[in-house]
file query.txt (compact mmCIF, N, CA and C atoms)
# COMPACT_ATOMS: atom_id res chain seq x y z
N MET A 14 -122.93 -203.51 -15.58
CA MET A 14 -122.62 -202.20 -15.13
C MET A 14 -121.11 -202.06 -14.90
N ARG A 15 -120.49 -200.98 -15.35
CA ARG A 15 -119.06 -200.75 -15.21
C ARG A 15 -118.74 -200.07 -13.88
N ASN A 16 -117.62 -200.43 -13.35
CA ASN A 16 -117.14 -199.78 -12.14
C ASN A 16 -116.42 -198.51 -12.58
N ILE A 17 -116.97 -197.39 -12.30
CA ILE A 17 -116.42 -196.12 -12.78
C ILE A 17 -115.08 -195.81 -12.14
N ILE A 18 -114.91 -196.13 -10.89
CA ILE A 18 -113.65 -195.82 -10.19
C ILE A 18 -112.52 -196.68 -10.73
N ALA A 19 -112.77 -197.95 -11.02
CA ALA A 19 -111.73 -198.85 -11.49
C ALA A 19 -111.28 -198.54 -12.90
N THR A 20 -112.08 -197.89 -13.71
CA THR A 20 -111.73 -197.63 -15.11
C THR A 20 -111.45 -196.17 -15.37
N SER A 21 -111.06 -195.45 -14.34
CA SER A 21 -110.80 -194.02 -14.50
C SER A 21 -109.61 -193.79 -15.42
N ASN A 22 -109.73 -192.87 -16.34
CA ASN A 22 -108.66 -192.53 -17.26
C ASN A 22 -107.87 -191.30 -16.81
N ALA A 23 -108.06 -190.88 -15.57
CA ALA A 23 -107.34 -189.70 -15.07
C ALA A 23 -105.85 -190.01 -14.97
N PRO A 24 -104.97 -189.10 -15.45
CA PRO A 24 -103.52 -189.35 -15.37
C PRO A 24 -103.06 -189.38 -13.90
N ARG A 25 -102.10 -190.25 -13.63
CA ARG A 25 -101.56 -190.34 -12.27
C ARG A 25 -100.64 -189.16 -12.03
N ARG A 26 -100.78 -188.53 -10.88
CA ARG A 26 -99.99 -187.34 -10.56
C ARG A 26 -99.56 -187.41 -9.10
N PHE A 27 -98.43 -186.75 -8.83
CA PHE A 27 -97.95 -186.58 -7.46
C PHE A 27 -97.67 -185.11 -7.28
N ALA A 28 -98.33 -184.51 -6.33
CA ALA A 28 -98.23 -183.07 -6.07
C ALA A 28 -98.53 -182.26 -7.33
N GLY A 29 -99.42 -182.76 -8.14
CA GLY A 29 -99.83 -182.05 -9.34
C GLY A 29 -98.87 -182.19 -10.50
N LEU A 30 -97.85 -183.05 -10.38
CA LEU A 30 -96.85 -183.22 -11.45
C LEU A 30 -96.96 -184.60 -12.05
N SER A 31 -96.69 -184.67 -13.33
CA SER A 31 -96.71 -185.97 -14.01
C SER A 31 -95.44 -186.74 -13.67
N PRO A 32 -95.43 -188.06 -13.89
CA PRO A 32 -94.21 -188.84 -13.62
C PRO A 32 -92.99 -188.33 -14.41
N THR A 33 -93.20 -187.91 -15.64
CA THR A 33 -92.09 -187.39 -16.45
C THR A 33 -91.52 -186.13 -15.83
N ALA A 34 -92.38 -185.24 -15.37
CA ALA A 34 -91.92 -184.00 -14.74
C ALA A 34 -91.16 -184.31 -13.45
N LEU A 35 -91.61 -185.30 -12.69
CA LEU A 35 -90.92 -185.68 -11.46
C LEU A 35 -89.52 -186.23 -11.75
N VAL A 36 -89.41 -187.05 -12.79
CA VAL A 36 -88.10 -187.60 -13.16
C VAL A 36 -87.15 -186.49 -13.60
N ILE A 37 -87.64 -185.56 -14.39
CA ILE A 37 -86.80 -184.45 -14.86
C ILE A 37 -86.37 -183.58 -13.68
N ALA A 38 -87.29 -183.27 -12.77
CA ALA A 38 -86.96 -182.46 -11.60
C ALA A 38 -85.93 -183.17 -10.72
N GLY A 39 -86.09 -184.48 -10.53
CA GLY A 39 -85.12 -185.25 -9.74
C GLY A 39 -83.75 -185.26 -10.39
N SER A 40 -83.72 -185.40 -11.70
CA SER A 40 -82.46 -185.38 -12.43
C SER A 40 -81.76 -184.03 -12.31
N MET A 41 -82.52 -182.97 -12.41
CA MET A 41 -81.94 -181.62 -12.29
C MET A 41 -81.40 -181.40 -10.88
N LEU A 42 -82.11 -181.86 -9.85
CA LEU A 42 -81.65 -181.72 -8.47
C LEU A 42 -80.36 -182.51 -8.27
N ALA A 43 -80.32 -183.75 -8.76
CA ALA A 43 -79.11 -184.57 -8.63
C ALA A 43 -77.93 -183.93 -9.36
N SER A 44 -78.16 -183.38 -10.54
CA SER A 44 -77.09 -182.72 -11.29
C SER A 44 -76.56 -181.50 -10.56
N THR A 45 -77.45 -180.74 -9.96
CA THR A 45 -77.04 -179.55 -9.20
C THR A 45 -76.21 -179.94 -7.99
N LEU A 46 -76.64 -180.95 -7.25
CA LEU A 46 -75.89 -181.40 -6.08
C LEU A 46 -74.52 -181.94 -6.48
N TRP A 47 -74.46 -182.72 -7.55
CA TRP A 47 -73.18 -183.23 -8.02
C TRP A 47 -72.26 -182.09 -8.44
N GLY A 48 -72.79 -181.10 -9.14
CA GLY A 48 -71.99 -179.95 -9.57
C GLY A 48 -71.43 -179.17 -8.38
N ALA A 49 -72.24 -179.00 -7.34
CA ALA A 49 -71.76 -178.30 -6.14
C ALA A 49 -70.65 -179.09 -5.46
N TRP A 50 -70.83 -180.40 -5.35
CA TRP A 50 -69.81 -181.25 -4.73
C TRP A 50 -68.51 -181.21 -5.55
N ALA A 51 -68.60 -181.37 -6.87
CA ALA A 51 -67.42 -181.38 -7.73
C ALA A 51 -66.67 -180.05 -7.66
N THR A 52 -67.41 -178.96 -7.63
CA THR A 52 -66.77 -177.64 -7.53
C THR A 52 -66.01 -177.51 -6.22
N ARG A 53 -66.62 -177.94 -5.13
CA ARG A 53 -65.95 -177.87 -3.82
C ARG A 53 -64.67 -178.69 -3.82
N GLU A 54 -64.72 -179.89 -4.41
CA GLU A 54 -63.53 -180.74 -4.45
C GLU A 54 -62.42 -180.12 -5.30
N ILE A 55 -62.76 -179.53 -6.40
CA ILE A 55 -61.76 -178.90 -7.27
C ILE A 55 -61.12 -177.71 -6.59
N VAL A 56 -61.92 -176.90 -5.92
CA VAL A 56 -61.37 -175.74 -5.19
C VAL A 56 -60.46 -176.20 -4.07
N THR A 57 -60.83 -177.28 -3.38
CA THR A 57 -60.00 -177.82 -2.31
C THR A 57 -58.66 -178.30 -2.86
N LEU A 58 -58.65 -178.94 -4.01
CA LEU A 58 -57.40 -179.40 -4.62
C LEU A 58 -56.49 -178.24 -4.98
N GLY A 59 -57.07 -177.12 -5.35
CA GLY A 59 -56.27 -175.95 -5.71
C GLY A 59 -55.49 -175.38 -4.55
N HIS A 60 -55.89 -175.70 -3.33
CA HIS A 60 -55.22 -175.15 -2.14
C HIS A 60 -54.19 -176.11 -1.55
N ARG A 61 -53.92 -177.21 -2.20
CA ARG A 61 -52.95 -178.18 -1.66
C ARG A 61 -51.54 -177.62 -1.80
N GLU A 62 -50.75 -177.86 -0.78
CA GLU A 62 -49.35 -177.44 -0.77
C GLU A 62 -48.48 -178.63 -1.18
N VAL A 63 -47.51 -178.39 -2.04
CA VAL A 63 -46.58 -179.41 -2.47
C VAL A 63 -45.26 -179.18 -1.74
N VAL A 64 -44.75 -180.24 -1.06
CA VAL A 64 -43.51 -180.14 -0.30
C VAL A 64 -42.61 -181.32 -0.66
N THR A 65 -41.33 -181.20 -0.32
CA THR A 65 -40.39 -182.30 -0.54
C THR A 65 -39.79 -182.75 0.78
N VAL A 66 -39.34 -183.98 0.80
CA VAL A 66 -38.61 -184.54 1.94
C VAL A 66 -37.46 -185.36 1.38
N GLN A 67 -36.27 -185.17 1.94
CA GLN A 67 -35.09 -185.90 1.49
C GLN A 67 -34.92 -187.15 2.34
N LEU A 68 -35.64 -188.19 1.98
CA LEU A 68 -35.63 -189.42 2.78
C LEU A 68 -34.26 -190.09 2.79
N SER A 69 -33.55 -190.05 1.69
CA SER A 69 -32.24 -190.71 1.67
C SER A 69 -31.28 -190.04 2.64
N ARG A 70 -31.37 -188.71 2.78
CA ARG A 70 -30.51 -188.01 3.73
C ARG A 70 -30.87 -188.38 5.18
N ILE A 71 -32.17 -188.42 5.46
CA ILE A 71 -32.61 -188.78 6.81
C ILE A 71 -32.16 -190.20 7.15
N MET A 72 -32.41 -191.13 6.24
CA MET A 72 -32.04 -192.52 6.49
C MET A 72 -30.52 -192.70 6.52
N GLY A 73 -29.83 -192.02 5.62
CA GLY A 73 -28.37 -192.12 5.60
C GLY A 73 -27.74 -191.65 6.90
N ASP A 74 -28.23 -190.52 7.41
CA ASP A 74 -27.71 -190.00 8.69
C ASP A 74 -27.97 -190.98 9.82
N PHE A 75 -29.16 -191.56 9.85
CA PHE A 75 -29.49 -192.50 10.92
C PHE A 75 -28.63 -193.76 10.82
N VAL A 76 -28.49 -194.30 9.62
CA VAL A 76 -27.71 -195.52 9.45
C VAL A 76 -26.24 -195.27 9.82
N GLU A 77 -25.69 -194.12 9.45
CA GLU A 77 -24.32 -193.78 9.83
C GLU A 77 -24.18 -193.73 11.35
N ALA A 78 -25.11 -193.10 12.02
CA ALA A 78 -25.06 -193.00 13.48
C ALA A 78 -25.17 -194.38 14.12
N GLU A 79 -26.01 -195.23 13.57
CA GLU A 79 -26.16 -196.59 14.10
C GLU A 79 -24.88 -197.40 13.87
N ALA A 80 -24.24 -197.21 12.73
CA ALA A 80 -23.01 -197.95 12.43
C ALA A 80 -21.91 -197.58 13.41
N ARG A 81 -21.88 -196.31 13.82
CA ARG A 81 -20.86 -195.85 14.77
C ARG A 81 -21.21 -196.17 16.22
N SER A 82 -22.43 -196.59 16.49
CA SER A 82 -22.86 -196.78 17.87
C SER A 82 -22.28 -198.03 18.52
N GLY A 83 -21.90 -199.04 17.73
CA GLY A 83 -21.31 -200.25 18.29
C GLY A 83 -22.34 -201.18 18.92
N ARG A 84 -23.60 -201.02 18.62
CA ARG A 84 -24.64 -201.90 19.16
C ARG A 84 -24.61 -203.25 18.46
N PRO A 85 -25.14 -204.29 19.11
CA PRO A 85 -25.24 -205.59 18.45
C PRO A 85 -26.16 -205.51 17.23
N ALA A 86 -25.97 -206.42 16.29
CA ALA A 86 -26.71 -206.40 15.02
C ALA A 86 -28.22 -206.51 15.25
N GLU A 87 -28.63 -207.35 16.20
CA GLU A 87 -30.06 -207.54 16.45
C GLU A 87 -30.70 -206.24 16.95
N GLU A 88 -30.01 -205.56 17.85
CA GLU A 88 -30.53 -204.30 18.38
C GLU A 88 -30.58 -203.23 17.30
N THR A 89 -29.54 -203.17 16.47
CA THR A 89 -29.50 -202.21 15.38
C THR A 89 -30.64 -202.47 14.40
N GLN A 90 -30.88 -203.74 14.10
CA GLN A 90 -31.96 -204.09 13.17
C GLN A 90 -33.31 -203.66 13.74
N THR A 91 -33.53 -203.85 15.02
CA THR A 91 -34.77 -203.45 15.67
C THR A 91 -34.93 -201.93 15.64
N ARG A 92 -33.83 -201.21 15.91
CA ARG A 92 -33.88 -199.75 15.90
C ARG A 92 -34.13 -199.19 14.49
N VAL A 93 -33.53 -199.83 13.49
CA VAL A 93 -33.75 -199.38 12.11
C VAL A 93 -35.21 -199.61 11.71
N ALA A 94 -35.77 -200.75 12.08
CA ALA A 94 -37.17 -201.03 11.77
C ALA A 94 -38.08 -200.00 12.45
N ALA A 95 -37.80 -199.67 13.71
CA ALA A 95 -38.61 -198.67 14.42
C ALA A 95 -38.45 -197.30 13.76
N TYR A 96 -37.24 -196.98 13.32
CA TYR A 96 -36.99 -195.70 12.68
C TYR A 96 -37.75 -195.61 11.35
N LEU A 97 -37.75 -196.70 10.58
CA LEU A 97 -38.48 -196.71 9.31
C LEU A 97 -39.97 -196.50 9.53
N LYS A 98 -40.52 -197.15 10.55
CA LYS A 98 -41.95 -196.97 10.86
C LYS A 98 -42.23 -195.52 11.25
N ALA A 99 -41.35 -194.93 12.04
CA ALA A 99 -41.54 -193.54 12.47
C ALA A 99 -41.44 -192.58 11.28
N VAL A 100 -40.51 -192.82 10.37
CA VAL A 100 -40.38 -191.98 9.17
C VAL A 100 -41.65 -192.09 8.32
N GLU A 101 -42.12 -193.31 8.12
CA GLU A 101 -43.34 -193.50 7.34
C GLU A 101 -44.54 -192.80 7.98
N ALA A 102 -44.67 -192.92 9.29
CA ALA A 102 -45.79 -192.27 9.99
C ALA A 102 -45.69 -190.76 9.89
N SER A 103 -44.49 -190.23 9.98
CA SER A 103 -44.28 -188.79 9.90
C SER A 103 -44.64 -188.25 8.51
N VAL A 104 -44.22 -188.95 7.47
CA VAL A 104 -44.53 -188.52 6.10
C VAL A 104 -46.03 -188.63 5.84
N GLN A 105 -46.66 -189.70 6.35
CA GLN A 105 -48.10 -189.82 6.19
C GLN A 105 -48.84 -188.71 6.93
N ALA A 106 -48.34 -188.31 8.08
CA ALA A 106 -48.97 -187.21 8.83
C ALA A 106 -48.89 -185.91 8.03
N LEU A 107 -47.78 -185.70 7.33
CA LEU A 107 -47.68 -184.51 6.47
C LEU A 107 -48.74 -184.55 5.39
N GLY A 108 -48.97 -185.73 4.81
CA GLY A 108 -49.97 -185.87 3.76
C GLY A 108 -51.38 -185.66 4.27
N LYS A 109 -51.65 -186.01 5.51
CA LYS A 109 -52.99 -185.82 6.08
C LYS A 109 -53.30 -184.35 6.32
N ASP A 110 -52.29 -183.53 6.41
CA ASP A 110 -52.49 -182.09 6.61
C ASP A 110 -52.84 -181.39 5.32
N GLY A 111 -53.10 -182.13 4.26
CA GLY A 111 -53.48 -181.52 2.99
C GLY A 111 -52.31 -181.20 2.09
N ARG A 112 -51.17 -181.79 2.38
CA ARG A 112 -49.98 -181.55 1.55
C ARG A 112 -49.75 -182.73 0.62
N THR A 113 -49.13 -182.44 -0.51
CA THR A 113 -48.64 -183.48 -1.40
C THR A 113 -47.15 -183.59 -1.13
N VAL A 114 -46.70 -184.75 -0.64
CA VAL A 114 -45.31 -184.94 -0.24
C VAL A 114 -44.57 -185.65 -1.36
N LEU A 115 -43.48 -185.03 -1.82
CA LEU A 115 -42.65 -185.60 -2.88
C LEU A 115 -41.30 -185.98 -2.28
N VAL A 116 -40.74 -187.09 -2.73
CA VAL A 116 -39.40 -187.48 -2.31
C VAL A 116 -38.43 -186.66 -3.13
N ALA A 117 -37.60 -185.88 -2.46
CA ALA A 117 -36.74 -184.91 -3.13
C ALA A 117 -35.79 -185.56 -4.14
N GLU A 118 -35.35 -186.77 -3.86
CA GLU A 118 -34.41 -187.43 -4.76
C GLU A 118 -35.05 -187.75 -6.11
N ALA A 119 -36.37 -187.85 -6.13
CA ALA A 119 -37.05 -188.22 -7.36
C ALA A 119 -37.60 -187.02 -8.11
N VAL A 120 -37.37 -185.83 -7.59
CA VAL A 120 -38.00 -184.64 -8.15
C VAL A 120 -36.97 -183.52 -8.27
N VAL A 121 -37.03 -182.79 -9.38
CA VAL A 121 -36.27 -181.56 -9.49
C VAL A 121 -37.21 -180.48 -8.97
N SER A 122 -36.94 -179.99 -7.77
CA SER A 122 -37.89 -179.10 -7.12
C SER A 122 -37.31 -177.70 -7.02
N GLY A 123 -37.86 -176.81 -7.80
CA GLY A 123 -37.40 -175.43 -7.77
C GLY A 123 -37.90 -174.67 -6.56
N GLY A 124 -39.18 -174.35 -6.54
CA GLY A 124 -39.71 -173.51 -5.47
C GLY A 124 -40.57 -174.27 -4.49
N VAL A 125 -40.29 -175.56 -4.30
CA VAL A 125 -41.11 -176.37 -3.40
C VAL A 125 -40.44 -176.41 -2.03
N PRO A 126 -41.20 -176.12 -0.96
CA PRO A 126 -40.60 -176.14 0.39
C PRO A 126 -40.07 -177.53 0.75
N ASP A 127 -38.91 -177.55 1.42
CA ASP A 127 -38.29 -178.79 1.87
C ASP A 127 -38.58 -178.96 3.36
N LEU A 128 -39.31 -180.00 3.73
CA LEU A 128 -39.68 -180.24 5.12
C LEU A 128 -38.88 -181.38 5.74
N THR A 129 -37.67 -181.61 5.24
CA THR A 129 -36.84 -182.70 5.74
C THR A 129 -36.59 -182.55 7.24
N GLU A 130 -36.22 -181.37 7.68
CA GLU A 130 -35.91 -181.17 9.10
C GLU A 130 -37.16 -181.36 9.97
N GLN A 131 -38.32 -180.97 9.45
CA GLN A 131 -39.56 -181.18 10.20
C GLN A 131 -39.82 -182.68 10.37
N VAL A 132 -39.60 -183.46 9.31
CA VAL A 132 -39.78 -184.91 9.41
C VAL A 132 -38.76 -185.50 10.38
N ARG A 133 -37.50 -185.04 10.31
CA ARG A 133 -36.46 -185.53 11.21
C ARG A 133 -36.86 -185.28 12.67
N ALA A 134 -37.35 -184.08 12.97
CA ALA A 134 -37.76 -183.75 14.34
C ALA A 134 -38.98 -184.58 14.77
N ASP A 135 -39.92 -184.80 13.85
CA ASP A 135 -41.10 -185.59 14.17
C ASP A 135 -40.73 -187.04 14.43
N VAL A 136 -39.80 -187.58 13.67
CA VAL A 136 -39.34 -188.95 13.88
C VAL A 136 -38.67 -189.07 15.25
N ALA A 137 -37.84 -188.09 15.62
CA ALA A 137 -37.20 -188.11 16.93
C ALA A 137 -38.25 -188.07 18.04
N ARG A 138 -39.28 -187.27 17.84
CA ARG A 138 -40.35 -187.19 18.84
C ARG A 138 -41.09 -188.52 18.94
N ARG A 139 -41.35 -189.15 17.80
CA ARG A 139 -42.06 -190.43 17.80
C ARG A 139 -41.24 -191.53 18.47
N LEU A 140 -39.92 -191.46 18.31
CA LEU A 140 -39.06 -192.47 18.92
C LEU A 140 -38.75 -192.13 20.37
N GLY A 141 -39.09 -190.92 20.79
CA GLY A 141 -38.85 -190.52 22.18
C GLY A 141 -37.38 -190.30 22.49
N ALA A 142 -36.60 -189.97 21.48
CA ALA A 142 -35.16 -189.76 21.68
C ALA A 142 -34.81 -188.34 21.27
N PRO A 143 -34.66 -187.43 22.23
CA PRO A 143 -34.35 -186.04 21.88
C PRO A 143 -33.05 -185.90 21.10
N GLY A 144 -32.10 -186.76 21.33
CA GLY A 144 -30.83 -186.67 20.61
C GLY A 144 -30.89 -187.23 19.21
N ALA A 145 -31.94 -187.97 18.89
CA ALA A 145 -32.04 -188.60 17.56
C ALA A 145 -32.19 -187.56 16.47
N ALA A 146 -32.69 -186.38 16.80
CA ALA A 146 -32.87 -185.34 15.79
C ALA A 146 -31.53 -184.81 15.31
N SER A 147 -30.47 -184.97 16.11
CA SER A 147 -29.18 -184.39 15.72
C SER A 147 -28.25 -185.41 15.09
N HIS A 148 -28.71 -186.66 14.88
CA HIS A 148 -27.84 -187.66 14.25
C HIS A 148 -27.40 -187.19 12.90
N GLY A 149 -26.14 -186.90 12.75
CA GLY A 149 -25.58 -186.58 11.44
C GLY A 149 -26.17 -185.37 10.77
N THR A 150 -26.61 -184.37 11.49
CA THR A 150 -27.17 -183.17 10.86
C THR A 150 -26.09 -182.53 10.02
N ARG A 151 -26.45 -182.22 8.80
CA ARG A 151 -25.46 -181.64 7.86
C ARG A 151 -25.70 -180.19 7.68
call {"tool": "encode", "arguments": {"input": "query.txt", "output": "structure tokens"}}
result
Amino acid sequence: MRNIIATSNAPRRFAGLSPTALVIAGSMLASTLWGAWATREIVTLGHREVVTVQLSRIMGDFVEAEARSGRPAEETQTRVAAYLKAVEASVQALGKDGRTVLVAEAVVSGGVPDLTEQVRADVARRLGAPGAASHGTR
């Protein structure tokens, strides 16, 4: 005698759909979600602001002021290292705000805003020296 339940030829289904239909539906859902994500990312990129910063001017002004200060070499070296870290942190903070930051010396920038003074002020704030913002202002 045959076991009728064990030899059933009924197609396997989930929620009334065949495995092929489930795979196709899953693929279409995944494609739709990916398309929505990609569109959002592309639109977000379109709103990025491109700015420039004149790092050589900022660093040159600081180094000139340090050279005139008459401090010992060890202290000057420590201050320059702290200044470099503050400049790097300031430029990175600009990038986190959704901006693309270009070094002005490496770019011919026609209509791109120059945020050099903003970086200079942020570096002075980071170093806690209100007078540092005016070092060699041109």
call {"tool": "closest_atom_pairs", "arguments": {"input": "query.txt", "of": "segment 73-107 of chain A", "to": "segment 125-132 of chain A", "cutoff": "8 Å", "atoms": "only C-alpha atoms", "output": "JSON lines"}}
result
{"residue": "A:Val100", "atom": "CA", "partner": "A:Val132", "partner_atom": "CA", "distance": 7.1}
{"residue": "A:Ser103", "atom": "CA", "partner": "A:Val132", "partner_atom": "CA", "distance": 6.0}
{"residue": "A:Val104", "atom": "CA", "partner": "A:Val132", "partner_atom": "CA", "distance": 6.8}
call {"tool": "select_by_dssp", "arguments": {"input": "query.txt", "residues": "segment 63-133 of chain A", "states": "alpha helix (DSSP H)", "output": "PyMOL selection string"}}
result
chain A and resi 68-82+86-109+129-133
call {"tool": "atom_distance", "arguments": {"input": "query.txt", "atom1": "atom N of Ser44 of chain A", "atom2": "atom C of Pro32 of chain A"}}
result
16.1 Å
call {"tool": "atom_distance", "arguments": {"input": "query.txt", "atom1": "atom C of Glu87 of chain A", "atom2": "atom CA of Phe75 of chain A"}}
result
15.1 Å
call {"tool": "closest_residue", "arguments": {"input": "query.txt", "among": "A:His60, A:Arg53, A:Arg139, A:Arg133", "to": "Arg112 of chain A", "atoms": "all atoms listed in the file"}}
result
A:His60
call {"tool": "closest_residue", "arguments": {"input": "query.txt", "among": "A:Thr52, A:Phe27, A:Glu101, A:Tyr96", "to": "Asp74 of chain A", "atoms": "only C-alpha atoms"}}
result
A:Tyr96
call {"tool": "atom_distance", "arguments": {"input": "query.txt", "atom1": "atom C of Leu68 of chain A", "atom2": "atom N of Ser82 of chain A"}}
result
19.2 Å
call {"tool": "closest_residue", "arguments": {"input": "query.txt", "among": "A:Ala78, A:Met41, A:Leu115, A:Ala86", "to": "Val66 of chain A", "atoms": "all atoms listed in the file"}}
result
A:Leu115
call {"tool": "residues_near_point", "arguments": {"input": "query.txt", "point": "(-48.2, -182.5, -1.7)", "cutoff": "6 Å", "atoms": "only N, CA and C atoms", "output": "MDAnalysis selection string"}}
result
chainID A and resid 61:64 111:115
